[in-house]
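Structure data follow from run_4.cif (mmCIF, C-alpha atoms and all ligand atoms):
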```cif
data_query
#
loop_
_atom_site.label_atom_id
_atom_site.label_comp_id
_atom_site.auth_asym_id
_atom_site.auth_seq_id
_atom_site.Cartn_x
_atom_site.Cartn_y
_atom_site.Cartn_z
CA MET W 812 34.67 74.28 56.79
CA THR W 813 31.35 73.72 58.55
CA SER W 814 28.47 72.97 56.27
CA SER W 815 24.88 73.03 57.41
CA PHE W 816 23.96 71.90 53.91
CA SER W 817 23.41 68.25 52.98
CA PHE W 818 21.20 65.84 51.04
CA THR W 819 19.57 62.67 52.35
CA LYS W 820 18.03 60.14 49.99
CA THR W 821 14.75 58.67 51.26
CA ALA W 822 13.62 56.46 48.34
CA GLN W 823 15.01 55.14 45.06
CA LEU W 824 12.73 55.34 42.00
CA SER W 825 14.95 54.17 39.16
CA LYS W 826 18.66 53.98 38.33
CA ASN W 827 19.12 57.70 39.04
CA GLY W 828 15.65 58.89 40.10
CA ARG W 829 14.95 59.32 43.81
CA ALA W 830 13.12 61.17 46.58
CA GLY W 831 15.05 62.90 49.33
CA VAL W 832 15.55 65.88 51.59
CA ILE W 833 17.85 68.87 51.04
CA HIS W 834 18.87 70.36 54.39
CA THR W 835 19.66 74.12 54.34
CA PRO W 836 20.25 76.70 57.09
CA HIS W 837 16.72 78.03 56.41
CA GLY W 838 14.94 74.69 56.49
CA ASP W 839 14.48 71.44 54.59
CA ILE W 840 13.28 70.89 51.03
CA GLN W 841 11.47 67.59 50.43
CA THR W 842 12.40 66.42 46.92
CA PRO W 843 11.41 66.18 44.13
CA ALA W 844 10.42 69.83 44.59
CA PHE W 845 9.36 72.69 42.36
CA THR W 846 10.95 76.05 43.18
CA PRO W 847 8.87 79.01 41.97
CA VAL W 848 10.82 81.91 40.50
CA ALA W 849 10.87 85.25 42.33
CA THR W 850 12.86 87.05 39.62
CA GLN W 851 13.28 90.41 41.35
CA ALA W 852 12.76 89.04 44.90
CA SER W 853 9.03 88.77 44.19
CA VAL W 854 6.79 86.20 42.53
CA LYS W 855 4.98 88.75 40.40
CA GLY W 856 1.61 89.70 41.89
CA VAL W 857 1.64 87.20 44.78
CA LEU W 858 2.58 87.66 48.45
CA PRO W 859 5.55 85.57 49.65
CA GLU W 860 3.28 84.35 52.49
CA THR W 861 0.82 83.11 49.87
CA MET W 862 3.60 81.20 48.10
CA GLY W 863 4.19 79.38 51.40
CA GLU W 864 0.48 78.55 51.69
CA LEU W 865 0.57 77.21 48.12
CA GLY W 866 3.23 74.71 49.21
CA ALA W 867 6.36 76.38 47.85
CA GLN W 868 9.30 75.09 49.89
CA ALA W 869 11.90 77.42 48.36
CA LEU W 870 12.03 80.41 46.00
CA LEU W 871 14.61 81.22 43.31
CA ALA W 872 15.67 84.80 42.61
CA ASN W 873 17.79 86.06 39.71
CA ALA W 874 21.26 87.41 40.49
CA TYR W 875 21.34 89.42 37.26
CA HIS W 876 18.12 91.33 37.97
CA LEU W 877 18.95 92.00 41.64
CA TYR W 878 22.44 93.16 40.63
CA LEU W 879 20.94 95.81 38.34
CA GLN W 880 18.13 96.73 40.75
CA PRO W 881 18.33 97.38 43.75
CA GLY W 882 22.02 96.29 43.79
CA PRO W 883 23.47 93.40 45.80
CA GLU W 884 24.83 95.66 48.56
CA ILE W 885 21.26 96.75 49.41
CA VAL W 886 20.09 93.13 49.64
CA ASP W 887 23.15 92.32 51.78
CA GLU W 888 22.37 95.19 54.16
CA ALA W 889 18.76 93.96 54.36
CA GLY W 890 20.03 90.60 55.64
CA GLY W 891 19.94 88.61 52.40
CA VAL W 892 17.30 87.98 49.75
CA GLY W 893 15.05 85.84 51.99
CA LYS W 894 14.86 88.42 54.77
CA PHE W 895 14.52 91.25 52.21
CA MET W 896 11.36 89.70 50.72
CA ASN W 897 10.01 88.30 54.02
CA TRP W 898 10.47 84.68 52.94
CA PRO W 899 11.73 82.63 55.92
CA GLY W 900 12.40 79.43 53.96
CA PRO W 901 15.25 78.29 51.70
CA THR W 902 16.26 80.46 48.74
CA PHE W 903 18.20 79.93 45.52
CA THR W 904 19.89 82.48 43.28
CA ASP W 905 20.95 81.61 39.75
CA SER W 906 24.40 82.66 38.56
CA GLY W 907 23.20 85.32 36.17
CA GLY W 908 24.93 83.54 33.31
CA PHE W 909 21.69 82.71 31.56
CA GLN W 910 20.29 86.25 31.78
CA VAL W 911 23.58 87.92 30.85
CA LEU W 912 23.96 85.69 27.83
CA SER W 913 20.35 85.39 26.74
CA GLN W 914 19.01 88.90 27.23
CA GLY W 915 22.46 90.36 26.81
CA ALA W 916 23.76 88.43 23.85
CA GLY W 917 20.47 88.78 22.05
CA PHE W 918 19.73 85.09 21.70
CA LYS W 919 16.23 85.33 20.39
CA LYS W 920 15.05 81.89 21.46
CA VAL W 921 17.86 80.78 23.69
CA LEU W 922 16.09 77.88 25.29
CA ALA W 923 14.12 76.79 22.24
CA MET W 924 13.64 73.12 23.01
CA ASP W 925 12.25 72.12 19.65
CA VAL W 926 14.62 73.44 17.01
CA THR W 927 12.86 71.79 14.08
CA GLY W 928 12.40 74.47 11.46
CA LEU W 929 14.54 77.05 13.24
CA GLU W 930 17.56 78.51 11.46
CA SER W 931 20.57 79.69 13.41
CA ASP W 932 19.71 83.28 12.49
CA ASP W 933 16.41 82.84 14.31
CA VAL W 934 18.25 82.07 17.49
CA ILE W 935 21.50 84.00 17.63
CA ALA W 936 21.48 87.72 16.95
CA ALA W 937 24.17 89.16 14.69
CA GLY W 938 27.26 90.52 16.43
CA LYS W 939 26.38 94.18 16.21
CA GLN W 940 22.92 93.56 17.70
CA ARG W 941 24.32 91.86 20.76
CA LEU W 942 24.31 93.55 24.13
CA ALA W 943 26.92 91.13 25.52
CA HIS W 944 30.31 89.85 24.40
CA ILE W 945 31.97 86.84 25.94
CA ASP W 946 35.69 86.10 26.27
CA ASP W 947 37.63 83.48 28.21
CA ASP W 948 37.77 85.68 31.31
CA GLY W 949 34.14 86.85 31.48
CA VAL W 950 31.32 88.76 29.83
CA ASN W 951 30.86 92.43 29.00
CA PHE W 952 27.24 93.46 28.80
CA THR W 953 24.98 96.48 28.55
CA SER W 954 22.12 96.96 31.01
CA TYR W 955 18.69 96.59 29.42
CA LEU W 956 17.45 99.11 32.02
CA ASN W 957 19.60 102.14 31.28
CA GLY W 958 22.33 101.22 28.79
CA SER W 959 25.10 101.23 31.42
CA LYS W 960 28.14 98.99 30.80
CA HIS W 961 29.07 96.07 33.06
CA ARG W 962 31.61 93.27 33.23
CA TRP W 963 31.04 89.96 35.02
CA THR W 964 33.57 87.25 35.72
CA ALA W 965 33.34 84.08 37.80
CA GLU W 966 34.52 86.13 40.80
CA THR W 967 31.92 88.86 40.22
CA SER W 968 29.09 86.32 40.13
CA MET W 969 30.29 84.77 43.41
CA GLN W 970 30.63 88.15 45.13
CA ILE W 971 27.12 89.17 44.04
CA GLN W 972 25.58 85.85 45.08
CA HIS W 973 27.28 85.97 48.48
CA GLN W 974 25.84 89.45 48.99
CA LEU W 975 22.39 88.20 47.93
CA GLY W 976 22.82 85.51 50.60
CA ALA W 977 20.71 82.66 49.17
CA ASP W 978 21.08 79.14 50.61
CA ILE W 979 21.88 77.71 47.18
CA MET W 980 23.94 79.52 44.54
CA PHE W 981 25.11 78.48 41.10
CA ALA W 982 28.58 78.75 39.57
CA PHE W 983 28.94 81.20 36.68
CA ASP W 984 28.54 79.33 33.41
CA GLU W 985 28.16 79.99 29.73
CA CYS W 986 24.68 79.03 28.57
CA THR W 987 24.74 77.99 24.91
CA THR W 988 21.91 77.25 22.49
CA LEU W 989 21.18 74.10 20.51
CA MET W 990 22.14 76.07 17.41
CA ASN W 991 25.75 76.67 18.44
CA THR W 992 28.23 74.50 16.51
CA ARG W 993 29.87 71.43 18.05
CA PRO W 994 33.33 73.11 18.17
CA TYR W 995 31.73 76.08 19.94
CA GLN W 996 30.05 73.75 22.48
CA GLU W 997 33.40 72.05 23.16
CA ALA W 998 35.13 75.37 23.79
CA SER W 999 32.21 76.53 25.92
CA VAL W 1000 32.29 73.45 28.19
CA GLU W 1001 36.03 74.06 28.75
CA ARG W 1002 35.34 77.70 29.54
CA THR W 1003 32.57 76.80 32.02
CA HIS W 1004 34.93 74.31 33.70
CA ALA W 1005 37.67 76.93 34.04
CA TRP W 1006 35.11 79.35 35.52
CA ALA W 1007 33.93 76.59 37.92
CA ILE W 1008 37.44 76.35 39.39
CA ARG W 1009 37.54 80.12 39.86
CA CYS W 1010 34.03 80.09 41.40
CA LEU W 1011 35.05 77.44 43.97
CA ARG W 1012 38.18 79.40 44.90
CA GLU W 1013 36.27 82.68 45.28
CA HIS W 1014 33.42 80.94 47.12
CA LYS W 1015 35.88 79.48 49.65
CA ARG W 1016 37.51 82.89 50.15
CA LEU W 1017 34.17 84.68 50.61
CA THR W 1018 32.80 81.99 52.96
CA GLU W 1019 35.86 82.51 55.19
CA GLU W 1020 35.74 86.30 54.89
CA ARG W 1021 32.01 86.45 55.69
CA ASP W 1022 32.38 84.17 58.71
CA GLY W 1023 29.27 84.16 60.89
CA LYS W 1024 26.80 84.21 57.98
CA PRO W 1025 24.76 81.04 57.30
CA TYR W 1026 26.62 78.67 54.96
CA GLN W 1027 25.71 79.15 51.30
CA ALA W 1028 25.90 76.03 49.14
CA LEU W 1029 27.42 76.27 45.67
CA PHE W 1030 26.20 74.15 42.74
CA GLY W 1031 28.34 73.57 39.62
CA VAL W 1032 26.43 73.89 36.35
CA VAL W 1033 26.70 71.11 33.77
CA GLN W 1034 26.58 72.31 30.16
CA GLY W 1035 27.28 70.42 26.91
CA ALA W 1036 24.00 70.83 25.02
CA GLN W 1037 22.75 67.69 23.25
CA TYR W 1038 26.11 65.86 23.07
CA GLU W 1039 26.46 62.78 25.30
CA ASP W 1040 30.27 62.83 25.47
CA LEU W 1041 30.34 66.54 26.34
CA ARG W 1042 27.59 66.25 28.98
CA ARG W 1043 29.23 63.21 30.63
CA ALA W 1044 32.70 64.79 30.61
CA ALA W 1045 31.37 68.10 31.96
CA ALA W 1046 29.47 66.35 34.80
CA LYS W 1047 32.41 64.12 35.74
CA GLY W 1048 34.79 67.06 35.66
CA LEU W 1049 32.65 69.17 37.98
CA ALA W 1050 31.90 66.25 40.33
CA GLU W 1051 35.61 65.62 40.85
CA LEU W 1052 36.65 69.25 41.22
CA ASP W 1053 38.35 69.98 44.53
CA VAL W 1054 39.90 73.41 45.02
CA ASP W 1055 41.82 73.45 48.31
CA GLY W 1056 39.20 71.20 49.92
CA GLN W 1057 36.22 73.11 48.49
CA MET W 1058 33.96 70.96 46.30
CA PHE W 1059 30.54 71.63 44.80
CA ASP W 1060 27.63 70.98 47.19
CA GLY W 1061 25.28 70.03 44.35
CA PHE W 1062 24.84 70.47 40.62
CA GLY W 1063 22.74 72.44 38.18
CA LEU W 1064 21.69 70.82 34.92
CA GLY W 1065 21.76 73.75 32.56
CA GLY W 1066 21.73 74.95 29.02
CA ALA W 1067 19.52 74.21 26.12
CA LEU W 1068 17.86 70.83 26.50
CA GLU W 1069 16.40 69.24 23.40
CA LYS W 1070 12.84 68.35 24.43
CA GLN W 1071 12.78 65.01 22.65
CA LYS W 1072 15.93 63.92 24.51
CA LEU W 1073 15.46 65.69 27.85
CA GLY W 1074 15.20 62.53 29.98
CA GLU W 1075 18.12 60.90 28.21
CA ILE W 1076 20.34 63.97 28.68
CA VAL W 1077 19.44 64.24 32.39
CA GLY W 1078 20.27 60.51 32.70
CA TRP W 1079 23.74 60.89 31.12
CA ILE W 1080 24.56 63.72 33.52
CA CYS W 1081 23.22 61.99 36.66
CA ASP W 1082 25.14 58.80 35.79
CA GLU W 1083 28.32 60.81 36.35
CA LEU W 1084 27.25 62.77 39.46
CA PRO W 1085 27.63 61.56 43.06
CA ASP W 1086 24.50 60.02 44.60
CA ASP W 1087 24.77 62.02 47.84
CA LYS W 1088 24.48 65.53 46.36
CA PRO W 1089 21.34 67.26 45.01
CA ARG W 1090 20.72 68.07 41.33
CA HIS W 1091 18.70 71.02 40.10
CA LEU W 1092 17.22 71.10 36.60
CA LEU W 1093 17.20 74.74 35.52
CA GLY W 1094 14.20 76.32 33.80
CA ILE W 1095 11.80 73.35 33.55
CA SER W 1096 8.10 73.08 34.52
CA GLU W 1097 6.20 71.58 31.58
CA PRO W 1098 4.51 68.48 33.09
CA ASP W 1099 6.05 65.85 30.80
CA ASP W 1100 9.51 67.42 31.17
CA VAL W 1101 9.22 67.31 34.97
CA PHE W 1102 8.37 63.59 34.93
CA TRP W 1103 11.28 62.80 32.56
CA GLY W 1104 13.57 64.91 34.73
CA VAL W 1105 12.52 63.23 37.99
CA GLU W 1106 12.84 59.66 36.78
CA ASN W 1107 16.27 60.37 35.34
CA GLY W 1108 17.68 61.89 38.51
CA ALA W 1109 16.73 65.58 38.93
CA ASP W 1110 15.68 66.58 42.47
CA THR W 1111 14.55 70.20 42.10
CA PHE W 1112 13.23 72.39 39.28
CA ASP W 1113 12.49 76.05 38.70
CA CYS W 1114 10.67 77.88 35.95
CA VAL W 1115 9.00 81.23 35.30
CA LYS W 1116 6.34 79.60 33.12
CA PRO W 1117 3.53 79.00 35.67
CA SER W 1118 3.45 82.69 36.61
CA ARG W 1119 4.26 84.07 33.15
CA GLU W 1120 1.63 81.92 31.45
CA GLY W 1121 -0.84 82.80 34.21
CA ARG W 1122 -0.35 86.50 33.50
CA ASN W 1123 -1.14 85.70 29.86
CA ALA W 1124 -4.45 84.02 30.88
CA ALA W 1125 -3.13 80.51 30.10
CA LEU W 1126 -4.33 78.35 32.99
CA TYR W 1127 -3.46 74.75 33.87
CA SER W 1128 -6.07 72.06 34.44
CA PRO W 1129 -5.91 68.25 34.78
CA THR W 1130 -6.99 68.03 31.13
CA GLY W 1131 -4.40 70.48 29.86
CA ARG W 1132 -3.74 74.19 29.52
CA PHE W 1133 -6.50 76.51 28.30
CA ASN W 1134 -7.01 80.21 27.75
CA VAL W 1135 -9.56 81.66 30.15
CA THR W 1136 -10.23 84.64 27.85
CA ASN W 1137 -11.82 82.26 25.35
CA ALA W 1138 -15.48 83.32 24.77
CA LYS W 1139 -16.83 80.02 26.08
CA ASN W 1140 -15.61 80.95 29.58
CA ARG W 1141 -17.73 84.11 29.73
CA ARG W 1142 -20.51 82.28 31.56
CA ALA W 1143 -18.42 79.46 33.04
CA PHE W 1144 -19.53 79.81 36.65
CA GLU W 1145 -17.30 77.03 37.88
CA PRO W 1146 -13.73 76.84 39.22
CA ILE W 1147 -10.70 76.64 36.91
CA ASP W 1148 -10.11 73.14 38.28
CA GLU W 1149 -12.73 71.32 40.43
CA THR W 1150 -9.99 69.21 42.03
CA CYS W 1151 -7.70 72.13 42.95
CA ASP W 1152 -7.47 73.30 46.57
CA CYS W 1153 -5.99 76.74 45.82
CA TYR W 1154 -7.52 80.03 46.98
CA THR W 1155 -8.54 80.96 43.42
CA CYS W 1156 -10.35 77.69 42.72
CA THR W 1157 -12.09 77.60 46.10
CA HIS W 1158 -13.40 81.19 45.83
CA TYR W 1159 -13.71 82.24 42.17
CA THR W 1160 -15.03 81.10 38.80
CA LYS W 1161 -13.62 80.98 35.28
CA ALA W 1162 -16.24 83.59 34.35
CA TYR W 1163 -14.81 86.00 36.94
CA LEU W 1164 -11.25 85.47 35.71
CA HIS W 1165 -12.46 85.89 32.12
CA HIS W 1166 -13.92 89.25 33.14
CA LEU W 1167 -10.81 90.34 35.09
CA PHE W 1168 -8.53 89.62 32.12
CA LYS W 1169 -10.86 91.35 29.69
CA ALA W 1170 -11.05 94.38 32.01
CA LYS W 1171 -7.25 94.25 32.51
CA GLU W 1172 -7.70 94.21 36.30
CA LEU W 1173 -4.49 93.53 38.25
CA LEU W 1174 -6.31 90.92 40.34
CA ALA W 1175 -6.40 88.72 37.23
CA TYR W 1176 -2.60 88.26 37.43
CA THR W 1177 -2.71 87.45 41.13
CA LEU W 1178 -5.52 84.88 40.93
CA ALA W 1179 -4.14 83.22 37.78
CA THR W 1180 -0.62 82.99 39.22
CA ILE W 1181 -1.89 81.52 42.49
CA HIS W 1182 -3.65 78.73 40.60
CA ASN W 1183 -0.85 77.94 38.14
CA GLU W 1184 1.85 77.86 40.82
CA ARG W 1185 -0.33 75.62 43.02
CA PHE W 1186 -1.02 73.31 40.07
CA ILE W 1187 2.68 72.66 39.41
CA LEU W 1188 3.61 72.55 43.11
CA ARG W 1189 0.84 70.01 43.77
CA MET W 1190 1.86 67.95 40.72
CA VAL W 1191 5.44 67.70 41.99
CA ASP W 1192 4.23 66.99 45.56
CA ASN W 1193 2.13 64.15 44.15
CA ILE W 1194 5.12 62.85 42.16
CA ARG W 1195 7.12 62.76 45.41
CA ALA W 1196 4.28 61.00 47.26
CA SER W 1197 3.97 58.44 44.46
CA ILE W 1198 7.71 57.66 44.67
CA LEU W 1199 7.48 57.20 48.43
CA GLU W 1200 4.33 55.05 48.10
CA GLY W 1201 5.72 52.99 45.20
CA ASN W 1202 3.08 53.88 42.58
CA TYR W 1203 4.98 56.41 40.43
CA GLN W 1204 4.28 54.68 37.10
CA GLU W 1205 0.50 54.60 37.65
CA PHE W 1206 0.48 58.23 38.76
CA LYS W 1207 2.54 59.27 35.73
CA GLU W 1208 0.37 57.40 33.22
CA ASP W 1209 -2.80 58.80 34.75
CA PHE W 1210 -1.57 62.40 35.06
CA LEU W 1211 0.12 62.76 31.68
CA GLY W 1212 -2.56 60.74 29.86
CA ARG W 1213 -5.25 63.14 31.06
CA TYR W 1214 -3.15 66.29 30.71
CA TYR W 1215 -2.14 65.67 27.10
CA GLY W 1216 -5.28 63.70 26.20
CA LYS W 1217 -3.36 60.73 24.83
CA PRO W 1218 -1.33 57.78 26.13
CA VAL W 1219 2.17 58.80 27.07
CA GLU W 1220 5.07 57.59 24.96
CA GLY W 1221 8.04 56.03 26.63
CA ILE W 1222 6.26 54.26 29.50
ZN ZN Y 1301 -6.53 76.28 41.66
#
```

Just give me the structure of the file as structure tokens.
Ligand SMILES: [Zn+2]
Amino acid sequence: MTSSFSFTKTAQLSKNGRAGVIHTPHGDIQTPAFTPVATQASVKGVLPETMGELGAQALLANAYHLYLQPGPEIVDEAGGVGKFMNWPGPTFTDSGGFQVLSQGAGFKKVLAMDVTGLESDDVIAAGKQRLAHIDDDGVNFTSYLNGSKHRWTAETSMQIQHQLGADIMFAFDECTTLMNTRPYQEASVERTHAWAIRCLREHKRLTEERDGKPYQALFGVVQGAQYEDLRRAAAKGLAELDVDGQMFDGFGLGGALEKQKLGEIVGWICDELPDDKPRHLLGISEPDDVFWGVENGADTFDCVKPSREGRNAALYSPTGRFNVTNAKNRRAFEPIDETCDCYTCTHYTKAYLHHLFKAKELLAYTLATIHNERFILRMVDNIRASILEGNYQEFKEDFLGRYYGKPVEGI
């Protein structure tokens, strides 16, 4: 099988941390890289062209949302998700497992990273409230849009993701929470492994059947929650999987990650993964989490937070996140961030954004999202530059020290 997908390491940071380049049929991704989320083939409120100008190298769309609307066959007919949304660069689609199981199953705080003080009832909805039910073969779920019934299996997820046509896809997995019991986590890792085998088989079949389309890489997703033995076994198992010559092209680090142990967990997983394949940390963008992820071996990241928080008026600055609707910004005739080179910061003031949010003008969402996405993209670009230039530790201490206003633990 021809593969126009590969990973080249360009610098070593630590035991597992590195900089590199992911080669895809739609271009290269210099890593570490942040991948903004275009949930429904759109980064809400921002032109795809603008995302390119902000330095986004790739965009990630959600298989679950595009399956429900407009339907994967429409995206396929359009020429794939990149062409559909006029984004010429590399694209990712997630497997849909997270959305099916979080929105569907009614997990209230599925990715709660700090579970101190949370009871299991806070996290996992009672059976009758759930919109999704999982079994060893797949998941039945009810559409949040119109109440229609659906069933997804490993094969369904692969068929949908092939139709969506992204450069990087993820195997269908069960995303658990930190509140699930240890026996449940063990059973879930086994289930995800069994689905991984089926995903590889179906991926191979579809790649052959859809001959002539650009090669789509498939990443296996490592689950296992906060347990070292489960995470290591899951990673090793997926790394070694070979179904009739088809292996995973890279790996997703998924599931609930306990914030206090995020770096350690990423390290366990990357210890077991091959050095010559890329690793994507799913759903992470908080600055300290990104640094811990990078130095423990993650190459790419995605997260909805920069755009979602932007739409809620929470803006990023070198000295931390602040709310622009705060009264003190009413007459703040200065940029959100003096050091930022984004369109918002070079043309508008905090006072103007304060007004737009108060007046509920749509432009508020656009300008806030532009700045927040640029802030995280530039942070990760600077992390990559610091690895290549050999001054990662100084950059990390300086960035995190200013952002959180205190010396960083664990340096
Ligand atoms: Zn800015």

Pick out the residues no farther than 12 Å from ligand ZN 1301 (chain Y), counting only C-alpha atoms and all ligand atoms, and list them as number ranges by chain.
W: 865, 1121, 1126-1129, 1145-1161, 1164, 1177-1190

Skipping near chain neighbours, those fewer than 2 positions away, what residues fall within 10 Å of Arg1009 (chain W) using all atoms listed in the file, listed as a ChimeraX atom specification?
/W:964-966,969,982-983,1003-1007,1011-1015,1054

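Excluding region 1021-1026 of chain W and any residue on its chain fewer than 5 positions from it, the residues at most 9 Å away by only C-alpha atoms are Thr813, Ser814, Ser815, Phe816, Thr835, Pro836, His837, His973, Gly976, Asp978 and Arg1016 of chain W.
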
Could you check which of W:Trp963, W:Phe1133, W:Phe1102, W:Leu1068 is closest to Val1219 (chain W), using all atoms listed in the file?
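Among the listed residues, the smallest separation from Val1219 (chain W) belongs to W:Phe1102.
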
Considering only C-alpha atoms, return as a list of chain:residue names whatever protein or nucleic-acid residues lie within 7 Å of region 985-987 of chain W, sequence-local ones (same chain, fewer than 3 positions apart) excluded.
W:Gly908, W:Phe909, W:Leu912, W:Asn991, W:Ser999, W:Thr1003, W:Gly1066, W:Ala1067

Convert the current residue selection to file output with C-alpha atoms, as a compact mmCIF listing (two decimals), in the coordinates of the input.
```
# COMPACT_ATOMS: atom_id res chain seq x y z
CA GLY W 908 24.93 83.54 33.31
CA PHE W 909 21.69 82.71 31.56
CA LEU W 912 23.96 85.69 27.83
CA ASN W 991 25.75 76.67 18.44
CA SER W 999 32.21 76.53 25.92
CA THR W 1003 32.57 76.80 32.02
CA GLY W 1066 21.73 74.95 29.02
CA ALA W 1067 19.52 74.21 26.12
```

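Our summary of the geometry notes that CA of Asn1140 (chain W) is positioned 25.3 Å from CA of Val1115 (chain W).
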
To one decimal place in Å, what is the distance between CA of Tyr875 (chain W) and CA of Val1033 (chain W)?
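Answer for the CA of Tyr875 (chain W) to CA of Val1033 (chain W) separation: 19.4 Å.
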
When you draw a straight line from CA of Asp1060 (chain W) to CA of Leu1029 (chain W), how long is it in Å?
5.5 Å

Using only C-alpha atoms, which of the listed residues (W:Tyr1038, W:Phe1062, W:Tyr1176, W:Phe1030) sits closest to Thr992 (chain W)?
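The closest residue to Thr992 (chain W) is W:Tyr1038.
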
Find the spatial neighbours of Glu1051 (chain W), counting all atoms listed in the file, within a cut-off of 12 Å - ignore same-chain residues fewer than 5 positions away - and output them as a ChimeraX atom specification.
/W:1004,1007-1008,1031,1044-1046,1056-1062,1083-1085

Kindly list the centre and edge lengths in Å, rounded to one decimal, for the axis-aligned box that covers all listed atoms of region 1032-1037 of chain W plus 5 Å on each of its six sides, as JSON.
```
{"center_x": 25.0, "center_y": 70.8, "center_z": 29.8, "size_x": 14.5, "size_y": 16.2, "size_z": 23.1}
```

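With distances restricted to all atoms listed in the file, W:Ser825 is the closest residue to Cys1081 (chain W) from W:Ala1162, W:Thr988, W:Ser825, W:Ile1198.
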
Restricting to all atoms listed in the file, whichever of W:Tyr878, W:Phe1112, W:Phe952, W:Tyr1163 is closest to Gln972 (chain W) is W:Tyr878

Taking into account all atoms listed in the file, which residue in the set W:Ala844, W:Ala1036, W:Leu858, W:Leu870 is nearest to Lys1072 (chain W)?
W:Ala1036

From W:Ile1080, W:Leu877, W:Cys1114, W:Ala1196, residue lying nearest Ser1096 (chain W) [all atoms listed in the file]
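Smallest separation from Ser1096 (chain W) among the options: W:Cys1114.
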